[in-house]
Amino acid sequence: MTHLTDLPLWAAIPVCILLLAGSAVTLVGSIGLIRLKTFYGRLHAPTLGSSAGTVLICLASMITFAVLQNRWIFHEVLIIVFIVLTTPVTLMLLGQAALYRDRIEDSEVVPRKAAGETPSPSEADI
Amino acid sequence: MLLLLVLAPFVGSIAALCIPAHKGTVSAWLAGSIALFCLATAAGLYPVIASGKALRYSVEWLPELGLNFTLRLDGFAWMFAILIAAIGLLVVVYARYYMSASDPVPRFFSLFLAFMGAMLGLVLSGNLILLAFFWELTSIISFLLIGYWHQNAAARDGARMALTVTGTGGLCMFIGLILIGHIVGSYDLDVVLASGNVIREHPLYTTVLVLILLGALTKSAQFPFHFWLPQAMAAPTPVSAYLHSATLVKAGIFLLTRLWPVLAGTDQWFWIVGLAGLSTLLLGAYFAIFQQDMKGLLAYSTISHLGLITALLSLGSPLAAVAAIFHTMNHATFKASLFMAAGIIDHETGTRDMRRLSGLFRFMPFTATLAMVAAAAMAGVPLLNGFLSKEMFFAEAIETHKYNLLDTVTPYVATLASIFSVTYSLRFIHSVFFGPPPHDLPKAPHEPPHWMRAPIEFLVLACLVVGVIPALTVGPFLHTAVQSVLGEATPVYSLAVWHGWNVPLLMSLIALAGGTALFLMMKSYLATSIEGPPLFRRLEGQRIFERVLVTLSWKWARSIEMRAGTRRLQQQMRILVALSIAAGTIVLFSHGFNPAKILFRSIDPAFALIWLVGMACAVGAAYQAKFHRLASLVLLGGAGLVTCLTFVWLSAPDLAVTQLLVEIVTTVLILLGLRWLPKRIENQDDPAMMTISVRLRRLRDLAMAVFAGLGMMLISYTVMRREIPETISSYFLERAYGEGGGTNVVNVILVDFRGFDTLGEIGVLCIVALTVFALLLRFRPATESLEAPEQQRFQNAFDDDHPDRKKGDSITEYLLVPSVIMRWMFPVIGMLAAFLFFRGHDLPGGGFAAGIAMSIAFILQYMAGGTRWVEERLRIHPLRWMAIGLTVATATGLGAWVFGYPFLTSHSQYISLPVIGKIPLATAILFDLGVFALVLGATVLILIALAHQSVRAPRAQARAAKTAAKEAG
Amino acid sequence: MRYWFPYPLLSVSLLLFWLLINQSLSPGHILLGVLLGIAFAWAMVNLQPQKTRMSHYGTAARLVAHVAVDVFASNIAVIGVILRGRAKPGFVAIDIGLRDENALAFLACIVTATPGTAWVEFDRQTSVLLIHVLDLDDAHVLAELIKSRYETPLKEIFE
Amino acid sequence: MNWFDHLIILPILVPLVTAACLIPVDARNQMLKGVIGFCSTVLVFVIGIALMQAAATPDEGQSGAMVYLLGNWPAPFGITLVLDRLSALMLVLTSLLALATQVFSMARWHRAGYHFHSLFQFMLAGLNGAFLTGDLFNLFVFFEMMLAASYGLLLHGSGPLRVKAGVHYVAINLAASSLFLIGVSLIYGATGTLNMADLALRISTMGPESRMLMETGAALLGIAFLVKAGMWPLGFWLPATYSAATPPVAAIFAILTKVGIYIILRLSLLLFGPDAGTSMGFGQPLLLYGGLLTIGFGTVGVLASQAMGRLAGYCVLVSSGTLMAAIGLGNGAIIGGALYYLVSSTLTICAFFLLIELVERARDAGADVLAVTMEAYGDLDENEEEREEGEAVPGTMAVLGLCFCICALLLSGLPPLSGFLAKFAMLHGLFNPGDLGGQEPVSGAEWTYVGLLILSGLSAMIALNRVGIRTFWTSIEGTIPRVFLIEITPVLVLLSACLFLSFQAGPAMRYMDATAKALADPQNYIGRVTTAPRAGSQGGQ
Amino acid sequence: MNELLVIWSILASQILLGLAMACALFRVIRGPRAQDRILGLDALYINAMLLLLTFGIRTANSIYFEAALIIALLGFVSSIAFAKFLMRGEVIE
Amino acid sequence: MELVLSAGIGVLTASGVWLLFRPRTYQVIIGLSLLSYAVNLFIFGMGRLRVDAPPVLEPGGTGGLLTHADPIPQALVLTAIVIGFAMTALFLVILLASRGFTGTDHVDGRE
Ligand code: NA
Ligand code: NA
């Protein structure tokens with residue numbers, strides 16, 4: 001069994017920095033979820049966690065295990081890849097759903113159906 | 001022989017059932033020969049018991065409990081057996097002519113024979129429990145006999161009442177008899193009869209007495225349980241003649257007499273039995289006078305005579321007992337003949353109403369003469385048998401037995417009742433046979449066929465012969481009977497017509513004179529009066545009984561059922577939770593529960609933070625579940641996520657993985673269901689609506705919920721803070737690798753140590769999937785959920801409104817990019833499932849997790865492409881997967897048999913292959929494969945079945961619309 | 001060959017995935033990975049995803065590098081926006097020439113993974129992409145940037 | 001191990017495998033499914049008889065409990081199956097009921113929905129597993145299997161009534177299952193074992209705090225079982241559920257409440273017997289008073305019910321309450337009689353549920369519920385035209401009437417059938433805890449029990465009388481129902497089983513008494529389980 | 001020294017992530033609209049995944065990795081189910 | 001840890017039980033789910049809490065309760081999770097059917 005406390009200082013420092021930075025970025029993203037006023041604004045907030053946050057923390061993990069267990073297979077990459085591939089799907093679908101719902105309610109802040117097309121009166125009803 | 005005596009009627013009964021309905025005569029012959037056989041057998045046994053010994057026959061039935069099929073024939077039983085068989089034979093002859101061809105006659109004789117058998121069994125029982133057995137049997141069969149003409153409402157009611165009253169009494173008596181067994185230590189009649197003192201001195205004596213008397217008094221229709229008997233007159237007359245003369249009602253007398261040596265002689269006995277007997281005697285006679293129905297009159301007279309016998313038995317003197325036994329015989333003869341006579345009149349004239357009948361002497365002189373003699377016997381006219389026993393009764397009545405009021409009034413009551421009895425006998429004869437000729441009778445009266453009258457002739461002859469020369473005819477038989485009951489206490493008595501001028505004779509004369517006078521006074525009143533006696537007309541026992549029964553068993557029962565029970569789920573849940581809380585609290589505090597000291601120092605702040613989030617999720621989910629279902633579901637997901645994190649934190653990676661996967665599937669599942677539920681309930685809690693009671697109810701619910709939560713918290717904290725006891729897990733931890741062949745102990749437990757649990761668990765999953773599938777095939781959505789969701793309607797309308805768009809463009813466009821990614825995810829998730837599967841035995845994962853992961857891959861495709869799109873491309877056979885999975889898992893377990901090991905014994909081995917190296921092979925993997933297949937199949941089936949509703953419902957709707965259009969057009 | 005290996009790139013990726021996730025390069029795992037990779041590729045045939053032939057791996061590498069840099073930069077920018085609490089959000093419509101759906105998927109991933117921009121809607125008839133931008137200075141500049149920096153290389157790779 | 005040793009597990013495996021094999025068979029071959037299922041049940045029945053004989057054969061001077069170590073792991077570590085007289089009895093009873101109801105269902109009801117026979121076999125597996133297992137958590141698993149199948153069977157045929165009843169039934173039972181889990185895990189947390197025999201051993205030497213927690217667990221567990229057994233006030237779901245189920249399902253449900261009773265009996269005598277130290281007799285007052293209240297409520301319900309289905313449901317409650325109170329009296333002598341009563345009343349109720357449907361067909365001609373459900377919401381139901389199996393029986397009403405009479409006699413405990421003997425046996429045991437003639441005083445609770453026993457019989461008599469008269473004696477205009485041989489035969493078979501029990505009361509009662517004795521002295525059971533040898537010399541590896 | 005550093009910084013980062021979860025939860029509870037809640041849940045999932053990664057680092061045990069991987073790979077499934085439910089009123093058509 | 005977890009169990013139980021008393025079927029199903037989390041955690045807690053001691057052995061090694069968490073409650077929870085999932089699915093479908101037949105989502109099938 002290995003323990004984190006066996007980590008040499010030269011590795012510990014970058015690991016700590018990466019960890020703190022990653023979680024801080026994630027926290028800021030989540031704060032954005034609170035602070036940003038509109039839904040479309042908030043749509044951007046989780047991406048901080050899913051991009052920088054994930055990458056930084058995964059890096060920390062890679063370093064830790066590489067050093068501690070002398071293991072050079074970085075399966076954390078998988079997490080990065082999957083997060084990058086799957087988060088957009090959620091956000092895209094959510095964004096479209098929000099857009100649709102706002103259009104139904106005839107909200108002023110959202111554009112009509114994609115540019116080049118003027119909203120028809122019937123569309124305003126829906 | 002005894003066995004034959006009891007069994008023959010039952011055999012005959014079954015045989016009669018097999019006779020076709022129209023062959024009434026055959027069944028009559030059958031019944032007659034059985035009755036004759038019984039009579040002959042019983043008669044043939046007389047020499048054996050004449051010496052005073054009892055004949056016994058015993059077969060083991062329930063020997064451990066002291067219940068044997070013991071038959072015992074002594075003089076008293078013999079006397080009854082002869083009565084039962086002889087009168088039975090006569091009634092059969094009579095019934096042969098009485099019953100009409102349109103009735104199912106074989107059924108009548110079948111029941112009749114069964115009743116005879118039960119009655120014989122009752123009197124021959126040598127075991128108390130057997131006695132109770134036949135006792136209830138007589139009640140039940142009499143119910144069927146009384147209700148024989150069940151098209152008639154009176155017959156139904158009468159039958160029901162008879163059964164209810166006598167059955168209830170019988171059940172009480174049953175307890176009493178068991179108690180006697182408890183006191184005496186045996187149910188054997190011989191033993192019981194020898195233990196009179198033990199019983200009378202036992203603290204339970206009064207209880208026993210009351211219980212047994214309840215049985216006996218109800219059966220023999222003693223006041224205040226007499227009311228069923230007149231109602232039972234709705235039965236066919238042969239039934240009445242049999243039941244109310246020699247058999248059913250005499251069963252109570254039989255029991256009282258039988259147990260007389262062990263129960264009688266105490267104050268309790270005297271008071272209860274005496275009071276019942278005397279009041280029945282008097283009231284029965286009084287009521288009889290005012291009956292307009294011939295059978296009603298006879299019924300009340302029966303009640304009265306039974307009261308007489310009971311009163312005799314109450315006195316506790318041996319001579320009285322002799323009188324009782326003697327009167328039992330006599331009453332049977334004259335009452336049977338009177339009933340038959342009444343039946344003939346009813347049969348020939350079509351009515352039994354004495355107001356309509358009159359002057360029948362002209363039309364049927366022979367029958368009239370017979371009836372007159374029998375009625376005279378009933379009235380106690382000298383030279384007939386009724387006179388003899390009544391004389392004995394008077395003699396006993398004037399004796400002093402106990403110094404109390406009841407004993408003092410006995411002679412007066414006896415005389416008065418006798419006056420009444422003369423009155424009603426006179427009335428019976430006079431109003432039916434004398435007076436002007438009858439007019440507008442339903443039928444023209446004439447003499448019945450000779451053989452129908454023959455039984456009456458025989459019985460009346462018996463009355464006469466016994467009345468004139470008692471000592472020579474019934475003397476010895478009576479003596480045998482008396483001796484078998486009283487044993488050494490048998491008194492000296494003489495059976496003679498003439499005992500000289502004495503007080504009893506005086507009383508008889510007073511009765512005759514007074515009765516005649518009374519009749520003459522009331523003659524005109526009776527000829528026109530309405531049914532029922534004055535003063536007591538309102539007090540109709542059966543009506544009170546009916547009302548009580550309805551109130552008790554219907555109104556009260558319902559209101560209790562409503563009050564003590566509930567059909568509402570919420571109440572039931574509250575009760576369940578409240579009881580659980582109570583159970584836990586009581587147990588804990590009976591042990592002096594002391595919550596473990598709360599320790600703050602080992603709290604991990606991050607973990608605490610996570611749980612703050614978790615608790616907020618839980619409370620939020622609970623709060624939102626009413627108003628915002630989607631939000632509640634989201635929050636539920638949050639709580640689940642926190643649960644997962646907890647599992648990871650606290651060293652349970654397997655649980656975390658499984659919980660996560662299940663979480664995802666559950667969310668999709670509930671969302672699929674949410675489609676068919678009402679969307680959102682607007683907050684209706686406007687303050688005006690919130691009455692105080694609603695608030696209080698909520699407060700109570702909240703208090704209970706908080707209490708339950710607090711309880712769980714305290715208990716779990718207490719357990720978790722304790723040292724772990726010596727547990728069976730050490731065994732698993734030590735042997736998981738060495739003997740189970742895997743390093744992931746949890747997985748080894750699941751597939752090996754406790755693989756049987758897993759087999760059961762996947763079975764449950766399989767069952768649920770099948771149930772869901774079956775239920776959804778019959779699913780009918782609520783009407784407002786039937787049409788497509790409003791979003792789709794809007795989007796489809798939008799597509800329709802725009803010429804450049806096709807229907808369905810919106811959804812295609814919406815999913816254009818996401819579906820690409822979702823599709824490519826399919827093999828990736830599949831690989832993940834394979835990964836989870838293969839590593840399960842050594843690291844977190846396993847067949848279950850793999851199965852769920854794989855099913856998520858499929859569901860994702862359904863979400864991306866829709867049901868039809870996927871099913872055009874992928875053939876998934878969830879049912880087959882399930883069947884294969886369960887079979888594989890079981891077969892793996894069975895494989896161990898071949899090697900002589902029990903089910904599910906696993907085998908693991910490492911196999912070396914060139915290039916690849918050592919690979920582990922464990923049969924447990926095969927088992928896990930079964931788990932995988934089943935979980936995959938079941939999960940997919942559940943989700944897909946639910947998803948299919950979106951396709952099915954519109955299709956069904958369209959079909960319905962088409963059908964409607966076709967019908968319209 | 002095509003019949004046996006319908007999606008070679010997919011099979012290779014799956015093998016890679018298998019080895020990474022198992023943290024092993026043992027022959028047994030390679031064999032298993034290959035088998036599974038091929039098996040799932042066959043399964044994919046039924047789902048009929050659009051087949052695309054990828055080429056220009058150099059361009060792909062460059063694109064990855066660009067994206068990494070952009071993501072990093074926009075992370076910082078968005079952190080700033082959130083902490084400052086001031087932003088000028090807005091929608092931008094961009095004409096996109098990409099037809100290949102896999103390429104579109106990549107573009108979507110890039111745009112969304114980059115903090116500050118979010119893919120909201122794509123009209124297939126008009127090929128107009130609507131994105132939401134957290135802090136919008138100039139819509140045209142952004143549109144051009146996306147077209148040149150992401151769309152063009154993707155077109156090169158996939159079409 | 002020889003082949004006979006494996007016989008114990010077959011009552012679980014045979015139905016399980018049969019169920020699995022029936023799943024993919026096309027729903028159109030329902031008859032084939034039925035026949036296969038029937039064969040499986042027959043097999044289980046035969047095995048049950050063999051096991052019963054084995055359990056009853058004295059072995060080294062003691063009545064033998066056979067132990068089966070699953071996976072060849074020794075007790076208390078692995079899961080053990082234990083066969084003793086009691087479990088063998090329950091196995092035979094279950095399969096007898098199953099045979100009857102299955103045949104009955106094949107006339108028409110199995111076509112009312114889908115996967116009837118699979119669910120039925122699953123239920124058998126679950127029931128048999130619950131009877132055989134010697135492990136608390138495994139008991140939970142089989143309980144759930146049985147319950148899950150019962151949910152499926154209750155909903156078989158769908159329809160508003162069944163679904164409405166289903167919501168309540170499932171919700172209550174899910175909550176109860178949570179309690180079950182809490183109880184089992186608490187017991188594990190306090191004692192460190194799941195094996196019942198091992199638990200019994202540990203209880204005698206347990207520290208006070210562990211004992212407290214263990215008893216709390218047992219109390220919660222008890223509540224869960226009492227829900228299943230239908231104790232007042234936990235059993236309100238029962239009449240509604242039973243009367244809503246399709247007849248064959250309601251009939252097989254007759255055994256479900258008995259599972260709760262079985263477990264209560266098993267655990268209370270095993271764990272809280274004379275060796276349990278201060279835990280001796282734990283929970284008995286609750287059982288006694290709860291049982292008495294249940295009889296009372298059942299009695300009232302029987303009187304208040306108009307529909308026969310509900311009436312029968314309340315009869316189930318009465319029977320259940322009678323047994324609970326009998327156990328709660330803590331009088332060993334009553335247990336033998338109670339077991340006899342259990343068998344008799346279960347058979348009767350099962351027959352009664354089957355009979356009800358046949359009888360009610362006569363009452364309103366349009367009661368062909370099946371046809372109604374079929375056409376109302378069919379989708380895949382095109383193949384469901386009325387196909388009738390077997391031939392109509394002549395003299396239908398007479399046969400039905402006779403059967404009804406017999407049922408009424410049995411339910412109200414009147415002679416000449418086993419209902420009467422059962423009541424007698426219980427009362428005998430109640431008054432004579434020792435030998436007959438011992439002069440033990442009778443307590444107030446015991447008197448109440450006697451009174452309620454009589455009252456319940458009385459109310460059954462009155463209510464059945466009322467219903468019977470209404471059905472058979474007043475409905476002249478009612479049509480004569482079409483009843484098929486394979487529908488009436490099961491009823492007759494069940495009733496003849498009661499008849500058999502009455503004639504063979506002696507041997508039957510000896511078996512029950514021996515069972516009761518073995519239960520009262522669990523040392524033999526515990527010893528058998530804890531010393532059960534593993535197969536092979538070095539274990540199964 | 002480095003023990004302290006590592007332990008404290010991990011703890012700090014876990015607390016930060018825990019706070020991030022709390023923020024996401026705030027959005028879930030607060031809404032105001034369904035899409036906000038779902039977005040919050042998605043963020044909750046990502047934060048939880050990162051927390052799991054830090055937990056793996058803290059225990060220097062890669063056994064917890066799978067849980068994180070599953071969130072990364074499958075966590076989006078429930079989110080898109082929600083999103084699709086919002087958009088189309090049903091999850092699978 | 002114990003305190004936090006037991007408080008969590010308590011809150012989950014209370015929320016779940018509160019929902020069991022509510023009249024809407026949907027509330028009941030959410031309540032049962034919350035309750036099942038609580039029960040699962042409760043079962044899990046019965047094996048006591050251990051951090052970083054998963055019951056996964058070194059290849060070839062043996063373990064004990066000193067070095068590893070108790071695996072039995074974990075196995076029990078796994079079974080409970082599966083059964084809980086199945087029951088949730090079943091109950092959901094039943095309540096859908098109930099609503100279909102009765103037109104209301106009240107637990108008693110009528111308002
Ligand atoms: Na973005
Ligand atoms: Na999610």
# chains A, B, ... in the order shown; residues from 1 in each chain; ligands from 1
>>> interface_residues(of="chain B", to="chain A", cutoff="8 Å", atoms="only C-alpha atoms", output="PyMOL selection string")
chain B and resi 794+798+814-815+817-818+821
>>> residues_around(residues="segment 137-141 of chain C", least_positions_apart="5", cutoff="9 Å", atoms="only C-alpha atoms", output="list in words")
Lys88, Pro89, Gly90, Phe91, Val92, Ala93, Ile94 and Ile146 of chain C
>>> write_last_selection(atoms="C-alpha atoms", output="PDB file, in the first residue's frame")
ATOM      1  CA  LYS C  88     -22.343  41.602 -22.171  1.00  0.00           C
ATOM      2  CA  PRO C  89     -24.000  38.345 -23.191  1.00  0.00           C
ATOM      3  CA  GLY C  90     -25.486  37.879 -26.597  1.00  0.00           C
ATOM      4  CA  PHE C  91     -26.462  35.465 -29.353  1.00  0.00           C
ATOM      5  CA  VAL C  92     -24.414  35.100 -32.493  1.00  0.00           C
ATOM      6  CA  ALA C  93     -25.594  33.486 -35.709  1.00  0.00           C
ATOM      7  CA  ILE C  94     -22.968  31.939 -37.909  1.00  0.00           C
ATOM      8  CA  ILE C 146     -14.832  30.271 -35.335  1.00  0.00           C
TER       9      ILE C 146
END
>>> residues_near_ligand(ligand="ligand 1", cutoff="8 Å", atoms="only C-alpha atoms and all ligand atoms", output="MDAnalysis selection string")
(chainID A and resid 43:44 47 88) or (chainID C and resid 110:119)
>>> write_last_selection(atoms="N, CA and C atoms", output="PDB file, in the first residue's frame")
ATOM      1  N   LEU A  43     -25.402  28.876 -18.475  1.00  0.00           N
ATOM      2  CA  LEU A  43     -25.055  27.733 -19.310  1.00  0.00           C
ATOM      3  C   LEU A  43     -23.533  27.591 -19.446  1.00  0.00           C
ATOM      4  N   HIS A  44     -22.824  28.694 -19.297  1.00  0.00           N
ATOM      5  CA  HIS A  44     -21.375  28.640 -19.468  1.00  0.00           C
ATOM      6  C   HIS A  44     -20.660  28.205 -18.204  1.00  0.00           C
ATOM      7  N   THR A  47     -18.928  24.706 -17.570  1.00  0.00           N
ATOM      8  CA  THR A  47     -17.821  24.346 -18.463  1.00  0.00           C
ATOM      9  C   THR A  47     -16.478  24.627 -17.818  1.00  0.00           C
ATOM     10  N   PRO A  88     -20.938  18.700 -23.719  1.00  0.00           N
ATOM     11  CA  PRO A  88     -21.626  19.484 -24.739  1.00  0.00           C
ATOM     12  C   PRO A  88     -23.010  18.945 -25.079  1.00  0.00           C
TER      13      PRO A  88
ATOM     14  N   ILE C 110     -16.183  21.426 -29.496  1.00  0.00           N
ATOM     15  CA  ILE C 110     -15.181  22.466 -29.311  1.00  0.00           C
ATOM     16  C   ILE C 110     -15.834  23.733 -28.786  1.00  0.00           C
ATOM     17  N   VAL C 111     -16.914  24.122 -29.445  1.00  0.00           N
ATOM     18  CA  VAL C 111     -17.559  25.377 -29.063  1.00  0.00           C
ATOM     19  C   VAL C 111     -18.073  25.299 -27.619  1.00  0.00           C
ATOM     20  N   THR C 112     -18.658  24.180 -27.306  1.00  0.00           N
ATOM     21  CA  THR C 112     -19.252  24.095 -25.976  1.00  0.00           C
ATOM     22  C   THR C 112     -18.195  23.898 -24.902  1.00  0.00           C
ATOM     23  N   ALA C 113     -17.173  23.123 -25.233  1.00  0.00           N
ATOM     24  CA  ALA C 113     -16.148  22.877 -24.227  1.00  0.00           C
ATOM     25  C   ALA C 113     -15.391  24.149 -23.915  1.00  0.00           C
ATOM     26  N   THR C 114     -15.382  25.064 -24.823  1.00  0.00           N
ATOM     27  CA  THR C 114     -14.726  26.338 -24.578  1.00  0.00           C
ATOM     28  C   THR C 114     -15.628  27.194 -23.712  1.00  0.00           C
ATOM     29  N   PRO C 115     -15.186  27.530 -22.526  1.00  0.00           N
ATOM     30  CA  PRO C 115     -16.050  28.358 -21.686  1.00  0.00           C
ATOM     31  C   PRO C 115     -16.320  29.687 -22.380  1.00  0.00           C
ATOM     32  N   GLY C 116     -17.504  30.179 -22.189  1.00  0.00           N
ATOM     33  CA  GLY C 116     -17.825  31.461 -22.776  1.00  0.00           C
ATOM     34  C   GLY C 116     -18.630  31.363 -24.039  1.00  0.00           C
ATOM     35  N   THR C 117     -18.564  30.240 -24.716  1.00  0.00           N
ATOM     36  CA  THR C 117     -19.412  30.076 -25.893  1.00  0.00           C
ATOM     37  C   THR C 117     -20.241  28.819 -25.720  1.00  0.00           C
ATOM     38  N   ALA C 118     -21.459  28.890 -26.142  1.00  0.00           N
ATOM     39  CA  ALA C 118     -22.317  27.709 -26.026  1.00  0.00           C
ATOM     40  C   ALA C 118     -23.128  27.529 -27.296  1.00  0.00           C
ATOM     41  N   TRP C 119     -23.109  26.330 -27.788  1.00  0.00           N
ATOM     42  CA  TRP C 119     -23.878  25.940 -28.979  1.00  0.00           C
ATOM     43  C   TRP C 119     -25.338  25.882 -28.567  1.00  0.00           C
TER      44      TRP C 119
END
>>> residues_around(residues="segment 51-55 of chain C", least_positions_apart="3", cutoff="10 Å", atoms="only C-alpha atoms", output="PyMOL selection string")
chain C and resi 6-7+9+45+48+58-60+100-103+154+156-159
>>> write_last_selection(atoms="N, CA, C and O atoms", output="compact mmCIF listing (two decimals), in the first residue's frame")
# COMPACT_ATOMS: atom_id res chain seq x y z
N PRO C 6 -15.44 -3.00 -40.15
CA PRO C 6 -16.25 -1.92 -40.72
C PRO C 6 -15.79 -0.53 -40.25
O PRO C 6 -15.86 0.42 -41.02
N TYR C 7 -15.36 -0.43 -39.03
CA TYR C 7 -14.93 0.87 -38.53
C TYR C 7 -13.55 0.72 -37.91
O TYR C 7 -13.43 0.61 -36.68
N LEU C 9 -11.06 2.69 -37.39
CA LEU C 9 -10.64 3.71 -36.44
C LEU C 9 -11.33 3.51 -35.09
O LEU C 9 -10.72 3.64 -34.04
N VAL C 45 -22.39 -1.38 -37.02
CA VAL C 45 -22.88 -1.41 -38.40
C VAL C 45 -24.40 -1.25 -38.42
O VAL C 45 -24.95 -0.54 -39.26
N GLN C 48 -25.63 2.28 -38.10
CA GLN C 48 -25.39 3.07 -39.32
C GLN C 48 -25.03 4.52 -39.05
O GLN C 48 -25.71 5.43 -39.53
N GLY C 58 -2.13 15.95 -39.62
CA GLY C 58 -1.38 17.14 -39.16
C GLY C 58 -2.32 18.26 -38.80
O GLY C 58 -2.21 18.87 -37.72
N THR C 59 -3.27 18.50 -39.68
CA THR C 59 -4.26 19.53 -39.40
C THR C 59 -4.98 19.23 -38.10
O THR C 59 -5.25 20.12 -37.29
N ALA C 60 -5.28 17.96 -37.92
CA ALA C 60 -5.99 17.57 -36.71
C ALA C 60 -5.18 17.93 -35.47
O ALA C 60 -5.70 18.48 -34.50
N ASP C 100 -20.88 17.28 -42.91
CA ASP C 100 -20.65 16.00 -42.26
C ASP C 100 -21.09 16.07 -40.79
O ASP C 100 -20.68 16.96 -40.05
N GLU C 101 -21.90 15.14 -40.41
CA GLU C 101 -22.44 15.27 -39.04
C GLU C 101 -21.38 15.00 -37.97
O GLU C 101 -21.44 15.56 -36.89
N ASN C 102 -20.43 14.14 -38.30
CA ASN C 102 -19.36 13.92 -37.33
C ASN C 102 -18.54 15.19 -37.13
O ASN C 102 -18.15 15.54 -36.03
N ALA C 103 -18.30 15.87 -38.25
CA ALA C 103 -17.56 17.13 -38.14
C ALA C 103 -18.34 18.13 -37.32
O ALA C 103 -17.79 18.84 -36.47
N LEU C 154 -11.70 21.55 -39.73
CA LEU C 154 -12.60 20.38 -39.63
C LEU C 154 -13.04 19.94 -41.01
O LEU C 154 -13.13 18.75 -41.31
N GLU C 156 -11.41 20.33 -43.63
CA GLU C 156 -10.25 19.70 -44.26
C GLU C 156 -10.12 18.23 -43.80
O GLU C 156 -9.84 17.33 -44.58
N ILE C 157 -10.36 18.05 -42.53
CA ILE C 157 -10.15 16.70 -42.01
C ILE C 157 -11.25 15.75 -42.47
O ILE C 157 -11.00 14.62 -42.85
N PHE C 158 -12.49 16.20 -42.44
CA PHE C 158 -13.60 15.27 -42.65
C PHE C 158 -14.13 15.21 -44.07
O PHE C 158 -14.82 14.25 -44.41
N GLU C 159 -13.87 16.24 -44.89
CA GLU C 159 -14.56 16.22 -46.18
C GLU C 159 -13.63 16.23 -47.36
O GLU C 159 -12.47 16.46 -47.24
>>> residues_near_ligand(ligand="ligand 2", cutoff="12 Å", atoms="only C-alpha atoms and all ligand atoms", output="VMD selection string")
(chain A and resid 83 86 to 87 89 to 91 94) or (chain B and resid 633 to 638 640 to 641 660 to 661 663 to 668) or (chain E and resid 37 to 49 70 to 83)
>>> interface_residues(of="chain B", to="chain D", cutoff="6 Å", atoms="only C-alpha atoms", output="ChimeraX atom specification")
/B:61-62,133,150,182-185,553-554,557-558,561,569,583-584,587,591,725-728,753,757,760,764,767,771,774,879-880,883,900-905,907
>>> interface_residues(of="chain A", to="chain E", cutoff="7 Å", atoms="only C-alpha atoms", output="count of residues only")
34
>>> closest_residue(among="F:Leu3, F:Val17, F:Leu66, F:Ala97", to="Ser36 of chain F", atoms="only C-alpha atoms")
F:Val17
>>> select_by_dssp(residues="segment 5-159 of chain C", states="strand (DSSP E or B)", output="VMD selection string")
chain C and resid 90 to 95 117 to 123 128 to 133
>>> residues_around(residues="segment 52-56 of chain F", least_positions_apart="5", cutoff="8 Å", atoms="only C-alpha atoms", output="list in words")
Trp649, Leu650, Ser651, Ala652, Pro653, Leu733, Thr743, Asn744, Val745, Val746, Asp842 and Leu843 of chain B; Thr59 of chain E; Gly63, Thr67, His68, Ala69, Asp70 and Pro71 of chain F
